[in-house]
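K.L.:
Before anything else, here's the structure in question.
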Amino acid sequence: MSTAPTDASVDAFIEKVIDPQQREDSRRLIALMSRVSGHPPMMWGPSIIGFDSYHYRYESGREGHMCTLGFSPRSKELAIYFVNGLSLYAHELANLGPHRAAKSCLYVKRLDGVDLDVLTRMLEHAYADISARHGEMGRAQ
């Protein structure tokens with residue numbers, strides 16, 4: 001499966017989110033991720049809101065582009081993507097507040113339930129980490 005940027009409107013996508021709290025939380029995440037990345041939001045596929053991009057290449061030869069930061073409002077929670085993996089954030093996750101974690105997805109029901117300073121530090125670290133690993137040569141155009 002390949003997720004690619006689209007020309008779809010982020011605002012139109014957010015307006016279709018049924019839960020008003022998720023719409024508001026999505027707007028807050030857009031502001032936060034825009035500030036951290038210095039880039040505007042862009043739709044990646046039908047349901048991911050992403051910021052900036054990088055080029056990856058696996059040892060297998062598979063390669064592509066992905067958003068450096070991103071999230072998706074799901075039916076019951078927000079999925080926040082950490083493409084460098086959540087294993088780097090054990091200390092922060094312990095102090096974040098209510099959440100679920102998978103390999104590279106952080107799930108939160110409401111932003112009001114988590115410590116936004118902790119989440120901000122996690123996003124800043126993730127952005128810096130991916131940018132450092134992929135550098136200008138890894139930047140997608």
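Each chain of the structure tokens is named A, B, ... in the order shown, its residues numbered from 1; ligands are numbered from 1 in display order.
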Need the shell around stretch 2-6 of chain A: protein/DNA/RNA residues with any atom at most 12 Å away, counting only C-alpha atoms. Skip same-chain ones fewer than 4 positions apart. Format as a list in words?
P.N.:
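The residues that qualify are Val10, Phe13, Pro41, Met42, Met43, Trp44, Gly45, Pro46, Ser47, Ile48, Ile49, Gly50, Phe51, Asp52, Ser53, Tyr54, His55, Arg62, Glu63, Gly64, His65, Met66, Cys67, Thr68, Gly70, Ala140 and Gln141 of chain A.
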K.L.:
Would you write out those residues with N, CA and C atoms, as an mmCIF file, in the first residue's frame?
P.N.:
```cif
data_model
loop_
_atom_site.group_PDB
_atom_site.id
_atom_site.type_symbol
_atom_site.label_atom_id
_atom_site.label_comp_id
_atom_site.auth_asym_id
_atom_site.auth_seq_id
_atom_site.Cartn_x
_atom_site.Cartn_y
_atom_site.Cartn_z
ATOM 1 N N VAL A 10 -7.829 19.946 2.822
ATOM 2 C CA VAL A 10 -7.762 19.564 4.235
ATOM 3 C C VAL A 10 -8.979 20.111 4.971
ATOM 4 N N PHE A 13 -12.030 18.064 4.278
ATOM 5 C CA PHE A 13 -11.935 16.786 4.981
ATOM 6 C C PHE A 13 -12.303 16.953 6.459
ATOM 7 N N PRO A 41 -0.562 21.948 6.083
ATOM 8 C CA PRO A 41 -1.117 20.596 5.983
ATOM 9 C C PRO A 41 -1.434 20.234 4.542
ATOM 10 N N MET A 42 -1.405 18.929 4.292
ATOM 11 C CA MET A 42 -1.721 18.412 2.968
ATOM 12 C C MET A 42 -2.351 17.039 3.159
ATOM 13 N N MET A 43 -3.324 16.720 2.354
ATOM 14 C CA MET A 43 -3.929 15.389 2.432
ATOM 15 C C MET A 43 -2.983 14.363 1.810
ATOM 16 N N TRP A 44 -2.816 13.256 2.502
ATOM 17 C CA TRP A 44 -2.063 12.096 2.021
ATOM 18 C C TRP A 44 -3.067 10.960 1.958
ATOM 19 N N GLY A 45 -3.365 10.508 0.755
ATOM 20 C CA GLY A 45 -4.414 9.508 0.605
ATOM 21 C C GLY A 45 -5.738 10.133 1.015
ATOM 22 N N PRO A 46 -6.732 9.306 1.285
ATOM 23 C CA PRO A 46 -8.051 9.843 1.586
ATOM 24 C C PRO A 46 -8.254 10.328 3.017
ATOM 25 N N SER A 47 -7.337 9.978 3.959
ATOM 26 C CA SER A 47 -7.663 10.281 5.355
ATOM 27 C C SER A 47 -6.498 10.689 6.248
ATOM 28 N N ILE A 48 -5.308 10.885 5.705
ATOM 29 C CA ILE A 48 -4.172 11.318 6.518
ATOM 30 C C ILE A 48 -3.858 12.772 6.206
ATOM 31 N N ILE A 49 -3.718 13.565 7.257
ATOM 32 C CA ILE A 49 -3.299 14.956 7.123
ATOM 33 C C ILE A 49 -1.812 14.971 7.452
ATOM 34 N N GLY A 50 -0.986 15.338 6.462
ATOM 35 C CA GLY A 50 0.458 15.264 6.638
ATOM 36 C C GLY A 50 1.143 16.604 6.473
ATOM 37 N N PHE A 51 2.370 16.656 6.970
ATOM 38 C CA PHE A 51 3.171 17.881 6.975
ATOM 39 C C PHE A 51 4.580 17.546 6.520
ATOM 40 N N ASP A 52 5.052 18.265 5.513
ATOM 41 C CA ASP A 52 6.366 18.046 4.923
ATOM 42 C C ASP A 52 6.423 16.606 4.397
ATOM 43 N N SER A 53 7.541 16.218 3.832
ATOM 44 C CA SER A 53 7.672 14.857 3.318
ATOM 45 C C SER A 53 9.138 14.481 3.236
ATOM 46 N N TYR A 54 9.375 13.197 3.134
ATOM 47 C CA TYR A 54 10.730 12.702 2.970
ATOM 48 C C TYR A 54 10.688 11.482 2.048
ATOM 49 N N HIS A 55 11.825 11.181 1.469
ATOM 50 C CA HIS A 55 11.968 10.025 0.589
ATOM 51 C C HIS A 55 12.624 8.909 1.394
ATOM 52 N N ARG A 62 12.517 -1.266 -2.121
ATOM 53 C CA ARG A 62 11.254 -0.519 -2.098
ATOM 54 C C ARG A 62 11.531 0.906 -1.643
ATOM 55 N N GLU A 63 10.902 1.858 -2.315
ATOM 56 C CA GLU A 63 11.090 3.250 -1.941
ATOM 57 C C GLU A 63 9.824 4.046 -2.185
ATOM 58 N N GLY A 64 9.779 5.213 -1.613
ATOM 59 C CA GLY A 64 8.622 6.070 -1.787
ATOM 60 C C GLY A 64 8.765 7.348 -0.996
ATOM 61 N N HIS A 65 7.663 8.063 -0.877
ATOM 62 C CA HIS A 65 7.607 9.301 -0.113
ATOM 63 C C HIS A 65 6.540 9.149 0.967
ATOM 64 N N MET A 66 6.766 9.819 2.075
ATOM 65 C CA MET A 66 5.789 9.808 3.157
ATOM 66 C C MET A 66 5.839 11.146 3.861
ATOM 67 N N CYS A 67 4.737 11.492 4.509
ATOM 68 C CA CYS A 67 4.723 12.734 5.281
ATOM 69 C C CYS A 67 5.626 12.559 6.505
ATOM 70 N N THR A 68 6.308 13.621 6.879
ATOM 71 C CA THR A 68 7.222 13.578 8.017
ATOM 72 C C THR A 68 6.438 13.558 9.322
ATOM 73 N N GLY A 70 2.196 13.459 10.697
ATOM 74 C CA GLY A 70 0.842 13.290 10.200
ATOM 75 C C GLY A 70 -0.090 12.685 11.231
ATOM 76 N N ALA A 140 11.407 15.044 -0.133
ATOM 77 C CA ALA A 140 10.563 14.882 -1.308
ATOM 78 C C ALA A 140 10.275 16.270 -1.865
ATOM 79 N N GLN A 141 10.151 16.361 -3.136
ATOM 80 C CA GLN A 141 9.870 17.661 -3.761
ATOM 81 C C GLN A 141 8.394 17.863 -3.940
#
```
K.L.:
Based on DSSP run over this structure's backbone, return all residues of chain A in helix (DSSP H, G or I), as JSON, numbers by chain.
P.N.:
{"A": [10, 11, 12, 13, 14, 15, 20, 21, 22, 23, 24, 25, 26, 27, 28, 29, 30, 31, 32, 33, 34, 35, 36, 37, 86, 87, 88, 89, 90, 91, 92, 93, 94, 95, 96, 111, 112, 113, 116, 117, 118, 119, 120, 121, 122, 123, 124, 125, 126, 127, 128, 129, 130, 131, 132, 133, 134, 136, 137, 138]}
K.L.:
Taking only C-alpha atoms into account, which of A:Ala31, A:Ala90, A:Val108, A:Ile130 comes nearest A:Lys76?
P.N.:
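Of A:Ala31, A:Ala90, A:Val108, A:Ile130, the one nearest A:Lys76 is A:Val108, counting only C-alpha atoms.
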K.L.:
What are the DSSP strand (DSSP E) residues of stretch 51-121 of chain A, as a list of chain:residue names?
P.N.:
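DSSP on the backbone gives strand (DSSP E) at A:Phe51, A:Asp52, A:Ser53, A:Tyr54, A:His55, A:Tyr56, A:Arg57, A:Glu63, A:Gly64, A:His65, A:Met66, A:Cys67, A:Thr68, A:Leu69, A:Gly70, A:Phe71, A:Ser72, A:Pro73, A:Leu78, A:Ala79, A:Ile80, A:Tyr81, A:Arg100, A:Ala101, A:Cys105, A:Leu106, A:Tyr107, A:Val108.
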K.L.:
Considering only C-alpha atoms, tabulate each residue of stretch 55-123 of chain A that lies at most 10 Å from stretch 24-27 of chain A along with its nearest interatomic pair and the corresponding distance in Å to one decimal; arrange the rows by chain and ascending residue number and present them as JSON lines.
P.N.:
```
{"residue": "A:Phe71", "atom": "CA", "partner": "A:Ser26", "partner_atom": "CA", "distance": 8.4}
{"residue": "A:Ser72", "atom": "CA", "partner": "A:Ser26", "partner_atom": "CA", "distance": 8.2}
{"residue": "A:Pro73", "atom": "CA", "partner": "A:Ser26", "partner_atom": "CA", "distance": 6.9}
{"residue": "A:Leu78", "atom": "CA", "partner": "A:Ser26", "partner_atom": "CA", "distance": 8.1}
{"residue": "A:Lys109", "atom": "CA", "partner": "A:Asp25", "partner_atom": "CA", "distance": 9.5}
{"residue": "A:Arg110", "atom": "CA", "partner": "A:Asp25", "partner_atom": "CA", "distance": 6.9}
{"residue": "A:Leu111", "atom": "CA", "partner": "A:Asp25", "partner_atom": "CA", "distance": 6.1}
{"residue": "A:Asp112", "atom": "CA", "partner": "A:Asp25", "partner_atom": "CA", "distance": 8.5}
```
K.L.:
Produce a file of the selected residues containing N, CA and C atoms, as a PDB file, in the first residue's frame.
P.N.:
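After the write, out15.pdb holds the following:
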```pdb
ATOM      1  N   PHE A  71      -1.373  12.813  10.935  1.00  0.00           N
ATOM      2  CA  PHE A  71      -2.397  12.231  11.796  1.00  0.00           C
ATOM      3  C   PHE A  71      -3.651  11.971  10.980  1.00  0.00           C
ATOM      4  N   SER A  72      -4.542  11.198  11.578  1.00  0.00           N
ATOM      5  CA  SER A  72      -5.819  10.923  10.948  1.00  0.00           C
ATOM      6  C   SER A  72      -6.904  10.862  12.016  1.00  0.00           C
ATOM      7  N   PRO A  73      -7.984  11.619  11.846  1.00  0.00           N
ATOM      8  CA  PRO A  73      -9.105  11.486  12.775  1.00  0.00           C
ATOM      9  C   PRO A  73      -9.874  10.213  12.425  1.00  0.00           C
ATOM     10  N   LEU A  78      -7.990   9.801  17.594  1.00  0.00           N
ATOM     11  CA  LEU A  78      -7.040  10.376  16.658  1.00  0.00           C
ATOM     12  C   LEU A  78      -5.831   9.452  16.559  1.00  0.00           C
ATOM     13  N   LYS A 109      -7.959   9.733  22.461  1.00  0.00           N
ATOM     14  CA  LYS A 109      -9.379  10.035  22.257  1.00  0.00           C
ATOM     15  C   LYS A 109      -9.614  11.531  22.152  1.00  0.00           C
ATOM     16  N   ARG A 110      -8.971  12.288  23.043  1.00  0.00           N
ATOM     17  CA  ARG A 110      -9.148  13.745  23.079  1.00  0.00           C
ATOM     18  C   ARG A 110      -7.837  14.407  23.437  1.00  0.00           C
ATOM     19  N   LEU A 111      -7.554  15.520  22.802  1.00  0.00           N
ATOM     20  CA  LEU A 111      -6.329  16.246  23.140  1.00  0.00           C
ATOM     21  C   LEU A 111      -6.381  16.819  24.543  1.00  0.00           C
ATOM     22  N   ASP A 112      -7.587  17.144  25.027  1.00  0.00           N
ATOM     23  CA  ASP A 112      -7.709  17.676  26.388  1.00  0.00           C
ATOM     24  C   ASP A 112      -7.246  16.674  27.430  1.00  0.00           C
TER      25      ASP A 112
END
```
K.L.:
Fewer than 4 positions away in the same chain doesn't count, so skip those; otherwise give me all residues within 12 Å of A:Met122, counting only C-alpha atoms, as a PyMOL selection string.
P.N.:
chain A and resi 32-33+36+69+80-93+95-96+106+115-118+126-129
K.L.:
Using only C-alpha atoms, pick whichever of A:Ser104, A:Thr120, A:Glu77, A:Ser60 has the shortest atom-to-atom distance to A:Gln21.
P.N.:
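For A:Gln21, the nearest of the candidates is A:Glu77.
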K.L.:
Using only C-alpha atoms, which residue out of A:Ile30, A:Cys105, A:Leu123, A:Ala94 lies closest to A:Asp11?
P.N.:
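That would be A:Ile30, the residue with the smallest distance to A:Asp11.
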K.L.:
Determine the nearest neighbour of A:Ser34 from the options A:Ser9, A:Arg74, A:Glu124, A:His134, counting only C-alpha atoms.
P.N.:
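For A:Ser34, the nearest of the given residues is A:Glu124.
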K.L.:
Under the rule that only C-alpha atoms are counted, which of A:Arg133, A:Lys16, A:His99, A:His39 is the nearest residue to A:Leu119?
P.N.:
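Closest to A:Leu119 of all the choices is A:His99.
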K.L.:
What does the distance between atom CA of A:Ser37 and atom CA of A:Tyr56 come to in Å, to one decimal place?
P.N.:
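Spanning atom CA of A:Ser37 to atom CA of A:Tyr56 is a straight-line distance of 18.1 Å.
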K.L.:
Could you jot down the atom CA of A:Ala79 to atom CA of A:Lys103 separation for me, Å, one decimal place?
P.N.:
11.9 Å
K.L.:
If we count only C-alpha atoms, what is near A:Ile18 at a cut-off of 10 Å, once residues fewer than 4 positions away on the same chain are taken out, given as an MDAnalysis selection string?
P.N.:
chainID A and resid 14 22:23 73 75
